[in-house]
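Okay, structure first, notes after.
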Amino acid sequence: MPIVNDLGFIHYVEFASAKSDRETHENPTTLLLLHGTGGNETDLLEMGKQIAPEAAIISPRGKSLDEGVPRYFRRLAEGLFDIEDLKFRANELADFVRAAMRKYNLDPTRVVAVGYSNGANIAAGLLLLRPETLAGAVLFRAMIPLVPENLPDLSEKPIFMAAGESDPIVPKEQAEGLATLLEKCGALVTLHWRTGGAHALTKEEIVLAREWFATNFISFG
Ligand code: MLT
């Protein structure tokens, strides 16, 4: 399937193919898939199709290669982020999304991020720094990427978070803190805790994200 190196990012692109989608939604939703550390643009395709089978897909590969594997921004240590790089990369990604929506003739007001781990962290960065980029987001195993000087207006943006109670990479207070921060910005946050859960995802969490997506975006617009 189509993996292209264009608009500054290697990315996978797939247009909404379901006929029913074309019939019911003139402008389908686009999922922006954002992989975890060491992943690539194909990692979350199956998950994305499970969450939103009728959506178009844009899946860029992270461009930060400081650790020798793709990530979306540089970190100084596990959980310790290079904030200047994070800001630069979030803006670069937001510009890419805007250009991709134009190039592929997709609706820029209907982009929903689905991010895992490092991908969830850059998705949270987009929400906090370039909120116009996303209509909503699924954040799997996310942390607080940064606290911006001026909080964005995220009112009415639905956000689904799933966190693991015993995640060795994401401390519980990080997931809670991010949910609180996003709510403070006006977002409608659904936070699901996986009891005893670790960093890896379960099928149940993907099913919950699918239900959340159907409730919030199928009749969107
Ligand atoms: C990050 O660096 O974004 C987080 O520590 C999660 C990860 O390891 O990717």
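Labels used: A, B, ... for chains in the order of the structure tokens, numbers from 1 for residues in each chain, and numbers from 1 for ligands as shown.
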Mind dumping a table of every chain A residue within 12 Å of ligand 1, with the nearest atom pair and its distance in Å to one decimal, using only C-alpha atoms and all ligand atoms, sorted by chain and rising number, as CSV?
```
residue,atom,partner,partner_atom_place_in_ligand_line,distance
A:Leu34,CA,ligand 1,9 (O),10.9
A:His35,CA,ligand 1,9 (O),8.8
A:Gly36,CA,ligand 1,9 (O),5.3
A:Thr37,CA,ligand 1,9 (O),4.3
A:Gly38,CA,ligand 1,9 (O),8.0
A:Gly39,CA,ligand 1,9 (O),9.5
A:Gly62,CA,ligand 1,9 (O),11.0
A:Ser64,CA,ligand 1,2 (O),10.9
A:Asp66,CA,ligand 1,2 (O),11.7
A:Glu67,CA,ligand 1,2 (O),10.5
A:Val69,CA,ligand 1,9 (O),10.7
A:Pro70,CA,ligand 1,9 (O),9.8
A:Arg71,CA,ligand 1,9 (O),7.2
A:Tyr72,CA,ligand 1,3 (O),7.8
A:Phe73,CA,ligand 1,3 (O),7.6
A:Arg74,CA,ligand 1,2 (O),7.6
A:Arg75,CA,ligand 1,2 (O),5.9
A:Leu76,CA,ligand 1,2 (O),8.8
A:Ala77,CA,ligand 1,2 (O),7.7
A:Glu78,CA,ligand 1,5 (O),4.9
A:Gly79,CA,ligand 1,5 (O),4.2
A:Leu80,CA,ligand 1,5 (O),7.2
A:Phe81,CA,ligand 1,2 (O),6.9
A:Asp82,CA,ligand 1,2 (O),9.7
A:Ile83,CA,ligand 1,3 (O),11.4
A:Leu86,CA,ligand 1,3 (O),9.8
A:Gly115,CA,ligand 1,9 (O),10.5
A:Tyr116,CA,ligand 1,9 (O),8.0
A:Ser117,CA,ligand 1,6 (C),4.6
A:Asn118,CA,ligand 1,3 (O),3.4
A:Gly119,CA,ligand 1,3 (O),6.9
A:Ala120,CA,ligand 1,3 (O),7.6
A:Asn121,CA,ligand 1,3 (O),5.5
A:Ile122,CA,ligand 1,3 (O),7.4
A:Ala123,CA,ligand 1,3 (O),10.3
A:Ala124,CA,ligand 1,3 (O),10.5
A:Gly125,CA,ligand 1,3 (O),10.6
A:Leu139,CA,ligand 1,6 (C),11.7
A:Phe140,CA,ligand 1,6 (C),10.3
A:Arg141,CA,ligand 1,6 (C),7.9
A:Ala142,CA,ligand 1,6 (C),7.4
A:Met143,CA,ligand 1,4 (C),7.2
A:Ile144,CA,ligand 1,3 (O),9.4
A:Pro145,CA,ligand 1,3 (O),7.8
A:Leu146,CA,ligand 1,3 (O),11.3
A:Asp167,CA,ligand 1,6 (C),10.8
A:Pro168,CA,ligand 1,5 (O),10.1
A:Ile169,CA,ligand 1,5 (O),6.3
A:Val170,CA,ligand 1,5 (O),7.3
A:Pro171,CA,ligand 1,5 (O),10.4
A:Gln174,CA,ligand 1,4 (C),11.0
A:Ala175,CA,ligand 1,4 (C),11.8
A:His199,CA,ligand 1,6 (C),9.2
A:Ala200,CA,ligand 1,8 (O),11.5
```
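Proximity to Ala179 (chain A) at 9 Å, evaluated using only C-alpha atoms and with sequence-adjacent residues fewer than 6 positions away removed, yields Ile144, Ile159, Met161, Ala187, Val189, Thr190 and Leu191 of chain A.
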Output all heavy atoms of each residue in that selection to a file, as a PDB file, in the first residue's frame.
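Contents of part19.pdb, freshly written:
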```
ATOM      1  N   ILE A 144       2.539  13.806  30.295  1.00  0.00           N
ATOM      2  CA  ILE A 144       2.463  15.253  30.055  1.00  0.00           C
ATOM      3  C   ILE A 144       3.687  15.623  29.214  1.00  0.00           C
ATOM      4  O   ILE A 144       4.817  15.535  29.706  1.00  0.00           O
ATOM      5  CB  ILE A 144       2.504  16.045  31.380  1.00  0.00           C
ATOM      6  CG1 ILE A 144       1.371  15.610  32.302  1.00  0.00           C
ATOM      7  CG2 ILE A 144       2.464  17.543  31.115  1.00  0.00           C
ATOM      8  CD1 ILE A 144       1.464  16.176  33.710  1.00  0.00           C
ATOM      9  N   ILE A 159     -11.430  13.529  23.916  1.00  0.00           N
ATOM     10  CA  ILE A 159     -10.134  12.846  24.022  1.00  0.00           C
ATOM     11  C   ILE A 159     -10.313  11.569  24.828  1.00  0.00           C
ATOM     12  O   ILE A 159     -10.886  11.594  25.925  1.00  0.00           O
ATOM     13  CB  ILE A 159      -9.090  13.763  24.703  1.00  0.00           C
ATOM     14  CG1 ILE A 159      -8.820  14.955  23.779  1.00  0.00           C
ATOM     15  CG2 ILE A 159      -7.790  13.006  24.989  1.00  0.00           C
ATOM     16  CD1 ILE A 159      -8.051  16.069  24.400  1.00  0.00           C
ATOM     17  N   MET A 161      -8.327   8.608  26.695  1.00  0.00           N
ATOM     18  CA  MET A 161      -7.020   8.180  27.211  1.00  0.00           C
ATOM     19  C   MET A 161      -7.160   6.796  27.817  1.00  0.00           C
ATOM     20  O   MET A 161      -8.146   6.505  28.497  1.00  0.00           O
ATOM     21  CB  MET A 161      -6.526   9.130  28.313  1.00  0.00           C
ATOM     22  CG  MET A 161      -6.111  10.509  27.827  1.00  0.00           C
ATOM     23  SD  MET A 161      -5.532  11.536  29.225  1.00  0.00           S
ATOM     24  CE  MET A 161      -4.091  10.595  29.770  1.00  0.00           C
ATOM     25  N   ALA A 187     -11.151  20.322  27.280  1.00  0.00           N
ATOM     26  CA  ALA A 187     -11.385  19.086  26.522  1.00  0.00           C
ATOM     27  C   ALA A 187     -12.317  18.149  27.293  1.00  0.00           C
ATOM     28  O   ALA A 187     -12.412  18.219  28.525  1.00  0.00           O
ATOM     29  CB  ALA A 187     -10.053  18.378  26.260  1.00  0.00           C
ATOM     30  N   VAL A 189     -12.514  14.767  28.389  1.00  0.00           N
ATOM     31  CA  VAL A 189     -11.578  13.642  28.530  1.00  0.00           C
ATOM     32  C   VAL A 189     -12.271  12.420  29.118  1.00  0.00           C
ATOM     33  O   VAL A 189     -12.955  12.505  30.134  1.00  0.00           O
ATOM     34  CB  VAL A 189     -10.392  14.025  29.439  1.00  0.00           C
ATOM     35  CG1 VAL A 189      -9.418  12.850  29.582  1.00  0.00           C
ATOM     36  CG2 VAL A 189      -9.660  15.247  28.878  1.00  0.00           C
ATOM     37  N   THR A 190     -12.081  11.287  28.456  1.00  0.00           N
ATOM     38  CA  THR A 190     -12.481   9.989  28.997  1.00  0.00           C
ATOM     39  C   THR A 190     -11.194   9.255  29.332  1.00  0.00           C
ATOM     40  O   THR A 190     -10.384   8.989  28.436  1.00  0.00           O
ATOM     41  CB  THR A 190     -13.251   9.167  27.931  1.00  0.00           C
ATOM     42  OG1 THR A 190     -14.368   9.930  27.483  1.00  0.00           O
ATOM     43  CG2 THR A 190     -13.724   7.839  28.492  1.00  0.00           C
ATOM     44  N   LEU A 191     -10.977   8.971  30.607  1.00  0.00           N
ATOM     45  CA  LEU A 191      -9.737   8.283  31.011  1.00  0.00           C
ATOM     46  C   LEU A 191     -10.076   6.883  31.502  1.00  0.00           C
ATOM     47  O   LEU A 191     -10.804   6.721  32.475  1.00  0.00           O
ATOM     48  CB  LEU A 191      -9.033   9.086  32.109  1.00  0.00           C
ATOM     49  CG  LEU A 191      -7.819   8.437  32.789  1.00  0.00           C
ATOM     50  CD1 LEU A 191      -6.760   8.016  31.791  1.00  0.00           C
ATOM     51  CD2 LEU A 191      -7.208   9.396  33.813  1.00  0.00           C
TER      52      LEU A 191
END
```
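Residues of region 105-192 of chain A that DSSP places in helix (DSSP H, G or I), based on the backbone of this structure, are Asn118, Gly119, Ala120, Asn121, Ile122, Ala123, Ala124, Gly125, Leu126, Leu127, Leu128, Leu129, Pro131, Glu132, Thr133, Lys172, Glu173, Gln174, Ala175, Glu176, Gly177, Leu178, Ala179, Thr180, Leu181, Leu182, Glu183 and Lys184 of chain A.
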Residues from the last selection, N, CA and C atoms, saved as a CSV table (one decimal), in the first residue's frame:
```
chain,number,residue,atom,x,y,z
A,118,ASN,N,5.2,7.2,22.7
A,118,ASN,CA,5.8,8.4,22.2
A,118,ASN,C,4.9,9.1,21.2
A,119,GLY,N,4.1,8.3,20.4
A,119,GLY,CA,3.1,8.9,19.5
A,119,GLY,C,2.0,9.6,20.2
A,120,ALA,N,1.6,9.1,21.4
A,120,ALA,CA,0.5,9.7,22.2
A,120,ALA,C,1.1,11.0,22.8
A,121,ASN,N,2.4,11.0,23.1
A,121,ASN,CA,3.0,12.2,23.7
A,121,ASN,C,3.1,13.3,22.7
A,122,ILE,N,3.4,13.0,21.5
A,122,ILE,CA,3.5,14.1,20.5
A,122,ILE,C,2.0,14.5,20.1
A,123,ALA,N,1.1,13.6,20.1
A,123,ALA,CA,-0.3,14.0,19.9
A,123,ALA,C,-0.8,15.0,21.0
A,124,ALA,N,-0.4,14.7,22.2
A,124,ALA,CA,-0.7,15.6,23.3
A,124,ALA,C,0.0,17.0,23.1
A,125,GLY,N,1.2,16.9,22.6
A,125,GLY,CA,1.9,18.1,22.2
A,125,GLY,C,1.2,18.9,21.1
A,126,LEU,N,0.6,18.2,20.1
A,126,LEU,CA,-0.2,18.9,19.1
A,126,LEU,C,-1.4,19.6,19.7
A,127,LEU,N,-2.1,18.9,20.6
A,127,LEU,CA,-3.2,19.5,21.3
A,127,LEU,C,-2.9,20.7,22.1
A,128,LEU,N,-1.7,20.7,22.7
A,128,LEU,CA,-1.3,21.8,23.6
A,128,LEU,C,-0.7,23.0,22.9
A,129,LEU,N,0.0,22.7,21.7
A,129,LEU,CA,0.7,23.7,21.0
A,129,LEU,C,0.0,24.2,19.7
A,131,PRO,N,-3.5,23.4,18.6
A,131,PRO,CA,-4.8,22.7,18.9
A,131,PRO,C,-5.7,22.6,17.6
A,132,GLU,N,-5.5,23.5,16.7
A,132,GLU,CA,-6.3,23.5,15.5
A,132,GLU,C,-6.1,22.3,14.6
A,133,THR,N,-5.0,21.6,14.9
A,133,THR,CA,-4.7,20.4,14.0
A,133,THR,C,-5.6,19.3,14.2
A,172,LYS,N,1.6,6.7,37.2
A,172,LYS,CA,0.2,7.0,37.3
A,172,LYS,C,-0.1,8.5,37.3
A,173,GLU,N,0.7,9.2,38.1
A,173,GLU,CA,0.4,10.7,38.2
A,173,GLU,C,0.6,11.4,36.9
A,174,GLN,N,1.4,10.9,36.0
A,174,GLN,CA,1.6,11.5,34.7
A,174,GLN,C,0.3,11.4,33.8
A,175,ALA,N,-0.3,10.2,33.8
A,175,ALA,CA,-1.5,10.1,33.0
A,175,ALA,C,-2.6,10.9,33.7
A,176,GLU,N,-2.7,10.9,35.0
A,176,GLU,CA,-3.7,11.7,35.7
A,176,GLU,C,-3.5,13.2,35.4
A,177,GLY,N,-2.2,13.6,35.5
A,177,GLY,CA,-1.9,15.0,35.3
A,177,GLY,C,-2.2,15.5,33.9
A,178,LEU,N,-2.0,14.6,32.9
A,178,LEU,CA,-2.3,15.0,31.5
A,178,LEU,C,-3.8,15.1,31.4
A,179,ALA,N,-4.6,14.2,31.9
A,179,ALA,CA,-6.0,14.3,31.9
A,179,ALA,C,-6.5,15.6,32.5
A,180,THR,N,-6.0,15.9,33.7
A,180,THR,CA,-6.4,17.2,34.4
A,180,THR,C,-6.0,18.4,33.5
A,181,LEU,N,-4.8,18.4,32.9
A,181,LEU,CA,-4.4,19.5,32.1
A,181,LEU,C,-5.3,19.7,30.9
A,182,LEU,N,-5.6,18.6,30.2
A,182,LEU,CA,-6.5,18.7,29.1
A,182,LEU,C,-7.9,19.2,29.4
A,183,GLU,N,-8.3,18.7,30.6
A,183,GLU,CA,-9.7,19.1,31.1
A,183,GLU,C,-9.6,20.6,31.4
A,184,LYS,N,-8.6,21.1,32.0
A,184,LYS,CA,-8.4,22.5,32.3
A,184,LYS,C,-8.5,23.4,31.0
```
message = Show me, as a VMD selection string, the residues that have an atom within 7 Å of Ile51 (chain A) when counting only C-alpha atoms, minus same-chain residues fewer than 5 positions from it.
response = chain A and resid 206 209 to 210 213
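Taking only C-alpha atoms into account, Phe9 (chain A) lies nearest to A:Pro60 out of the set A:Pro53, A:Pro60, A:Gly68, A:Gly197.
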inquiry  = Show me, as a ChimeraX atom specification, the residues that have an atom within 8 Å of Leu31 (chain A) when counting only C-alpha atoms, minus same-chain residues fewer than 2 positions from it.
reply    = /A:29,33,48,52,55-59,111-114
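Nearest to Pro158 (chain A) of all the residues A:Thr195, A:Thr202, A:Asn216, A:Asn105 is A:Asn216, based on only C-alpha atoms.
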query = Just how far from CA of Gly136 (chain A) is CA of Gly186 (chain A), in Å to one decimal?
reply = 12.1 Å
request  = Name the residues of region 76-182 of chain A that fall into strand (DSSP E or B) according to DSSP on the backbone, using the chain letters and numbers of this document, as a ChimeraX atom specification.
outcome  = /A:76-77,80-81,111-116,136-140,158-164
Restrict the selected residues to N, CA and C atoms and save them as a tab-separated table (two decimals), in the first residue's frame.
```
chain	number	residue	atom	x	y	z
A	76	LEU	N	15.90	13.24	26.64
A	76	LEU	CA	17.21	13.25	27.30
A	76	LEU	C	17.41	11.97	28.08
A	77	ALA	N	16.30	11.42	28.55
A	77	ALA	CA	16.29	10.14	29.26
A	77	ALA	C	14.85	9.64	29.22
A	80	LEU	N	12.13	12.03	30.23
A	80	LEU	CA	12.67	13.39	30.37
A	80	LEU	C	12.85	13.97	28.96
A	81	PHE	N	12.00	14.90	28.62
A	81	PHE	CA	11.92	15.33	27.23
A	81	PHE	C	12.74	16.58	26.95
A	111	VAL	N	-9.61	15.75	11.70
A	111	VAL	CA	-8.44	14.89	11.93
A	111	VAL	C	-8.44	14.44	13.40
A	112	VAL	N	-8.39	13.14	13.61
A	112	VAL	CA	-8.36	12.58	14.97
A	112	VAL	C	-7.07	11.78	15.11
A	113	ALA	N	-6.24	12.16	16.08
A	113	ALA	CA	-4.98	11.44	16.30
A	113	ALA	C	-5.24	10.15	17.07
A	114	VAL	N	-4.50	9.10	16.70
A	114	VAL	CA	-4.46	7.88	17.51
A	114	VAL	C	-2.98	7.63	17.77
A	115	GLY	N	-2.54	7.86	19.01
A	115	GLY	CA	-1.13	7.74	19.31
A	115	GLY	C	-0.86	6.75	20.42
A	116	TYR	N	0.27	6.08	20.30
A	116	TYR	CA	0.69	5.13	21.34
A	116	TYR	C	2.05	5.57	21.89
A	136	GLY	N	-9.89	15.73	17.80
A	136	GLY	CA	-9.96	14.86	18.97
A	136	GLY	C	-8.75	13.94	18.95
A	137	ALA	N	-8.64	13.09	19.97
A	137	ALA	CA	-7.46	12.22	20.02
A	137	ALA	C	-7.70	11.00	20.89
A	138	VAL	N	-7.06	9.91	20.48
A	138	VAL	CA	-6.96	8.71	21.32
A	138	VAL	C	-5.52	8.66	21.79
A	139	LEU	N	-5.32	8.73	23.09
A	139	LEU	CA	-3.96	8.77	23.66
A	139	LEU	C	-3.76	7.51	24.49
A	140	PHE	N	-3.00	6.56	23.93
A	140	PHE	CA	-2.70	5.33	24.64
A	140	PHE	C	-1.35	5.48	25.34
A	158	PRO	N	-13.18	15.94	22.04
A	158	PRO	CA	-13.21	14.70	22.79
A	158	PRO	C	-11.84	14.00	22.77
A	159	ILE	N	-11.43	13.53	23.92
A	159	ILE	CA	-10.13	12.85	24.02
A	159	ILE	C	-10.31	11.57	24.83
A	160	PHE	N	-9.86	10.46	24.26
A	160	PHE	CA	-9.90	9.18	24.97
A	160	PHE	C	-8.49	8.83	25.40
A	161	MET	N	-8.33	8.61	26.70
A	161	MET	CA	-7.02	8.18	27.21
A	161	MET	C	-7.16	6.80	27.82
A	162	ALA	N	-6.17	5.94	27.59
A	162	ALA	CA	-6.12	4.65	28.28
A	162	ALA	C	-4.75	4.52	28.90
A	163	ALA	N	-4.74	4.26	30.21
A	163	ALA	CA	-3.49	4.20	30.96
A	163	ALA	C	-3.41	2.89	31.73
A	164	GLY	N	-2.18	2.43	31.97
A	164	GLY	CA	-1.99	1.19	32.73
A	164	GLY	C	-1.64	1.52	34.17
```
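The nearest approach to Tyr104 (chain A) among the residues A:Ala135, A:Ala16, A:Ile218, A:Leu154, with only C-alpha atoms taken into account, belongs to A:Ala16.
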